[in-house]
Amino acid sequence: MIKNILLKIAYDGTNFHGYQYQEDLRNVESEVKKAIHKVTGESNRIIAAGRTDAGVHAYAQYVNFLTATNINPKAFKYHIEPFLPEDIISLESQEVDLAFHARFSAKTKTYKYVICRDKIVHPIYRNYMEQITYNLDLEKLQKGLDILKGEHDFKAFMRVDKDLKINTVRTIEDAYFRENENKLEIYFKANSFLHNQVRIMTGALIELSRGRLSIDDFRRFFDPNNTKKANPALSASGLYLWSIDYE
């Protein structure tokens with residue numbers, strides 16, 4: 001009998017060229033697919049909830065695949081773990097409905113961006129957070145986050161690609177920040193995001209918070225006649241696919 005297995009994984013994105021398969025480049029999809037094949041002996045199609053870019057980490061990523069094996073669905077995480085590299089871990093596995101799709105069944109995704117505000121960052125953390133030492137006005141940061149919430153055309157907050165014609169309207173369901181000792185953690189929750197959108201939104205928020213953009217400048221990114229791109233896109237090292245909700 002065919003089963004649809006949902007697997008929760010996490011990974012350190014430092015040494016990956018992103019989640020998606022790329023020939024001759026190390027990627028998460030290939031490593032997960034190889035591990036599943038070792039267990040099932042099948043050529044399973046792997047569907048992911050999202051595709052993280054090079055250097056981006058995942059605290060919670062989900063993939064699903066169909067299999068005819070008799071392995072207990074909840075035991076898949078244990079069977080697959082020995083075949084995964086050290087920078088990927090399998091956390092949970094379960095059987096889901098055959099119609100379930102890790103990407104299209106997701107209700108929302110939450111990304112977290114981590115900024116270290118210390119003057120000196122220990123080198124062991126260099127791949128896991130962005131360092132920003134400017135004085136930041138956190139009240140302006142909150143105002144910027146409030147502006148981002150809701151449905152907007154985010155074309156000013158995406159990677160420039162002249163050949164890409166897509167719907168750039170997205171809905172940010174929630175956007176907020178937390179202070180955690182020396183770290184500033186910024187969260188964005190939405191059904192989907194544009195390419196590099198989170199890193200560019202965070203970069204623009206920092207420009208706002210340090211006084212290089214006014215609130216009016218920030219609002220103008222959503223003006224239908226605006227042609228100016230928001231920037232900069234902060235580094236991938238501080239970005240985490242944090243959680244995915246299916247209910």
# chains A, B, ... in the order shown; residues from 1 in each chain; ligands from 1
>>> residues_around(residues="Thr227 (chain A)", least_positions_apart="6", cutoff="10 Å", atoms="only C-alpha atoms", output="tab-separated table (two decimals) with C-alpha atoms, in the first residue's frame")
chain	number	residue	atom	x	y	z
A	155	LYS	CA	8.10	44.06	-5.98
A	156	ALA	CA	10.54	46.56	-4.39
A	220	ARG	CA	7.01	54.85	-0.70
A	221	PHE	CA	8.33	51.37	-1.53
>>> residues_around(residues="Ile89 (chain A)", least_positions_apart="4", cutoff="9 Å", atoms="only C-alpha atoms", output="PDB file with all heavy atoms, in the first residue's frame")
ATOM      1  N   LYS A   8      10.087  15.848   8.966  1.00  0.00           N
ATOM      2  CA  LYS A   8      10.579  17.144   9.459  1.00  0.00           C
ATOM      3  C   LYS A   8      12.087  17.057   9.606  1.00  0.00           C
ATOM      4  O   LYS A   8      12.600  16.158  10.270  1.00  0.00           O
ATOM      5  CB  LYS A   8       9.938  17.484  10.805  1.00  0.00           C
ATOM      6  CG  LYS A   8      10.405  18.818  11.389  1.00  0.00           C
ATOM      7  CD  LYS A   8       9.745  19.070  12.745  1.00  0.00           C
ATOM      8  CE  LYS A   8      10.210  20.384  13.347  1.00  0.00           C
ATOM      9  NZ  LYS A   8       9.582  20.617  14.693  1.00  0.00           N
ATOM     10  N   ILE A   9      12.798  18.000   8.991  1.00  0.00           N
ATOM     11  CA  ILE A   9      14.252  18.020   9.066  1.00  0.00           C
ATOM     12  C   ILE A   9      14.726  19.408   9.487  1.00  0.00           C
ATOM     13  O   ILE A   9      13.966  20.380   9.468  1.00  0.00           O
ATOM     14  CB  ILE A   9      14.913  17.640   7.716  1.00  0.00           C
ATOM     15  CG1 ILE A   9      14.536  18.662   6.628  1.00  0.00           C
ATOM     16  CG2 ILE A   9      14.517  16.231   7.301  1.00  0.00           C
ATOM     17  CD1 ILE A   9      15.290  18.472   5.315  1.00  0.00           C
ATOM     18  N   ALA A  10      15.979  19.491   9.853  1.00  0.00           N
ATOM     19  CA  ALA A  10      16.632  20.768  10.133  1.00  0.00           C
ATOM     20  C   ALA A  10      18.038  20.685   9.552  1.00  0.00           C
ATOM     21  O   ALA A  10      18.599  19.588   9.423  1.00  0.00           O
ATOM     22  CB  ALA A  10      16.684  21.040  11.633  1.00  0.00           C
ATOM     23  N   TYR A  11      18.601  21.835   9.176  1.00  0.00           N
ATOM     24  CA  TYR A  11      19.958  21.802   8.630  1.00  0.00           C
ATOM     25  C   TYR A  11      20.706  23.118   8.830  1.00  0.00           C
ATOM     26  O   TYR A  11      20.111  24.183   8.975  1.00  0.00           O
ATOM     27  CB  TYR A  11      19.950  21.425   7.146  1.00  0.00           C
ATOM     28  CG  TYR A  11      18.998  22.177   6.257  1.00  0.00           C
ATOM     29  CD1 TYR A  11      19.324  23.409   5.702  1.00  0.00           C
ATOM     30  CD2 TYR A  11      17.752  21.625   5.933  1.00  0.00           C
ATOM     31  CE1 TYR A  11      18.440  24.076   4.871  1.00  0.00           C
ATOM     32  CE2 TYR A  11      16.860  22.294   5.106  1.00  0.00           C
ATOM     33  CZ  TYR A  11      17.217  23.521   4.569  1.00  0.00           C
ATOM     34  OH  TYR A  11      16.342  24.186   3.746  1.00  0.00           O
ATOM     35  N   LYS A  77      12.176   8.534  10.602  1.00  0.00           N
ATOM     36  CA  LYS A  77      13.202   9.488  11.036  1.00  0.00           C
ATOM     37  C   LYS A  77      14.441   8.760  11.573  1.00  0.00           C
ATOM     38  O   LYS A  77      15.568   9.236  11.391  1.00  0.00           O
ATOM     39  CB  LYS A  77      12.653  10.438  12.098  1.00  0.00           C
ATOM     40  CG  LYS A  77      12.299   9.791  13.429  1.00  0.00           C
ATOM     41  CD  LYS A  77      11.899  10.849  14.458  1.00  0.00           C
ATOM     42  CE  LYS A  77      11.611  10.214  15.814  1.00  0.00           C
ATOM     43  NZ  LYS A  77      11.286  11.228  16.838  1.00  0.00           N
ATOM     44  N   GLU A  81      18.139   8.839   9.444  1.00  0.00           N
ATOM     45  CA  GLU A  81      19.181   9.611  10.124  1.00  0.00           C
ATOM     46  C   GLU A  81      20.613   9.121   9.855  1.00  0.00           C
ATOM     47  O   GLU A  81      21.508   9.931   9.585  1.00  0.00           O
ATOM     48  CB  GLU A  81      18.894   9.632  11.636  1.00  0.00           C
ATOM     49  CG  GLU A  81      19.884  10.445  12.455  1.00  0.00           C
ATOM     50  CD  GLU A  81      19.912  11.903  12.072  1.00  0.00           C
ATOM     51  OE1 GLU A  81      18.861  12.431  11.622  1.00  0.00           O
ATOM     52  OE2 GLU A  81      20.976  12.520  12.199  1.00  0.00           O
ATOM     53  N   LEU A  84      22.161  10.535   6.589  1.00  0.00           N
ATOM     54  CA  LEU A  84      22.241  11.981   6.382  1.00  0.00           C
ATOM     55  C   LEU A  84      23.601  12.503   6.818  1.00  0.00           C
ATOM     56  O   LEU A  84      24.200  11.974   7.763  1.00  0.00           O
ATOM     57  CB  LEU A  84      21.145  12.694   7.191  1.00  0.00           C
ATOM     58  CG  LEU A  84      19.706  12.496   6.724  1.00  0.00           C
ATOM     59  CD1 LEU A  84      18.738  13.067   7.764  1.00  0.00           C
ATOM     60  CD2 LEU A  84      19.475  13.138   5.367  1.00  0.00           C
ATOM     61  N   PRO A  85      24.112  13.553   6.172  1.00  0.00           N
ATOM     62  CA  PRO A  85      25.372  14.152   6.612  1.00  0.00           C
ATOM     63  C   PRO A  85      25.174  14.844   7.958  1.00  0.00           C
ATOM     64  O   PRO A  85      24.041  15.070   8.406  1.00  0.00           O
ATOM     65  CB  PRO A  85      25.684  15.174   5.502  1.00  0.00           C
ATOM     66  CG  PRO A  85      24.354  15.511   4.917  1.00  0.00           C
ATOM     67  CD  PRO A  85      23.544  14.251   4.993  1.00  0.00           C
TER      68      PRO A  85
END
>>> closest_atom_pairs(of="region 167-215 of chain A", to="region 234-244 of chain A", cutoff="12 Å", atoms="only C-alpha atoms", output="JSON lines")
{"residue": "A:Lys183", "atom": "CA", "partner": "A:Gly238", "partner_atom": "CA", "distance": 10.9}
{"residue": "A:Leu184", "atom": "CA", "partner": "A:Gly238", "partner_atom": "CA", "distance": 10.6}
{"residue": "A:Glu185", "atom": "CA", "partner": "A:Gly238", "partner_atom": "CA", "distance": 9.4}
{"residue": "A:Ile186", "atom": "CA", "partner": "A:Leu239", "partner_atom": "CA", "distance": 9.6}
{"residue": "A:Tyr187", "atom": "CA", "partner": "A:Trp242", "partner_atom": "CA", "distance": 8.8}
{"residue": "A:Phe188", "atom": "CA", "partner": "A:Trp242", "partner_atom": "CA", "distance": 9.5}
{"residue": "A:Lys189", "atom": "CA", "partner": "A:Ser243", "partner_atom": "CA", "distance": 9.0}
{"residue": "A:Ala190", "atom": "CA", "partner": "A:Ile244", "partner_atom": "CA", "distance": 9.7}
{"residue": "A:Asn191", "atom": "CA", "partner": "A:Ile244", "partner_atom": "CA", "distance": 9.3}
{"residue": "A:Ser192", "atom": "CA", "partner": "A:Ile244", "partner_atom": "CA", "distance": 10.6}
{"residue": "A:Phe193", "atom": "CA", "partner": "A:Leu241", "partner_atom": "CA", "distance": 11.4}
{"residue": "A:Asn196", "atom": "CA", "partner": "A:Leu234", "partner_atom": "CA", "distance": 9.1}
{"residue": "A:Gln197", "atom": "CA", "partner": "A:Leu234", "partner_atom": "CA", "distance": 10.3}
{"residue": "A:Val198", "atom": "CA", "partner": "A:Leu239", "partner_atom": "CA", "distance": 8.2}
{"residue": "A:Arg199", "atom": "CA", "partner": "A:Leu234", "partner_atom": "CA", "distance": 5.1}
{"residue": "A:Ile200", "atom": "CA", "partner": "A:Leu234", "partner_atom": "CA", "distance": 6.5}
{"residue": "A:Met201", "atom": "CA", "partner": "A:Leu234", "partner_atom": "CA", "distance": 8.9}
{"residue": "A:Thr202", "atom": "CA", "partner": "A:Leu234", "partner_atom": "CA", "distance": 7.0}
{"residue": "A:Gly203", "atom": "CA", "partner": "A:Leu234", "partner_atom": "CA", "distance": 5.5}
{"residue": "A:Ala204", "atom": "CA", "partner": "A:Leu234", "partner_atom": "CA", "distance": 9.2}
{"residue": "A:Leu205", "atom": "CA", "partner": "A:Leu234", "partner_atom": "CA", "distance": 10.6}
{"residue": "A:Ile206", "atom": "CA", "partner": "A:Leu234", "partner_atom": "CA", "distance": 9.6}
{"residue": "A:Glu207", "atom": "CA", "partner": "A:Leu234", "partner_atom": "CA", "distance": 11.1}
>>> closest_residue(among="A:Ile115, A:Ala48, A:Leu145, A:Leu66", to="Gln94 (chain A)", atoms="only C-alpha atoms")
A:Leu66
>>> residues_around(residues="Tyr21 (chain A)", least_positions_apart="3", cutoff="10 Å", atoms="only C-alpha atoms", output="MDAnalysis selection string")
chainID A and resid 17:18 24:31 33 51
>>> atom_distance(atom1="CA of Asn231 (chain A)", atom2="CA of Gly144 (chain A)")
14.0 Å
>>> residues_around(residues="Ala106 (chain A)", least_positions_apart="6", cutoff="10 Å", atoms="only C-alpha atoms", output="VMD selection string")
chain A and resid 49 to 50 62 100 191 to 192 244 to 247
>>> select_by_dssp(residues="region 58-244 of chain A", states="alpha helix (DSSP H)", output="PyMOL selection string")
chain A and resi 76-80+138-148+197-209+215-220
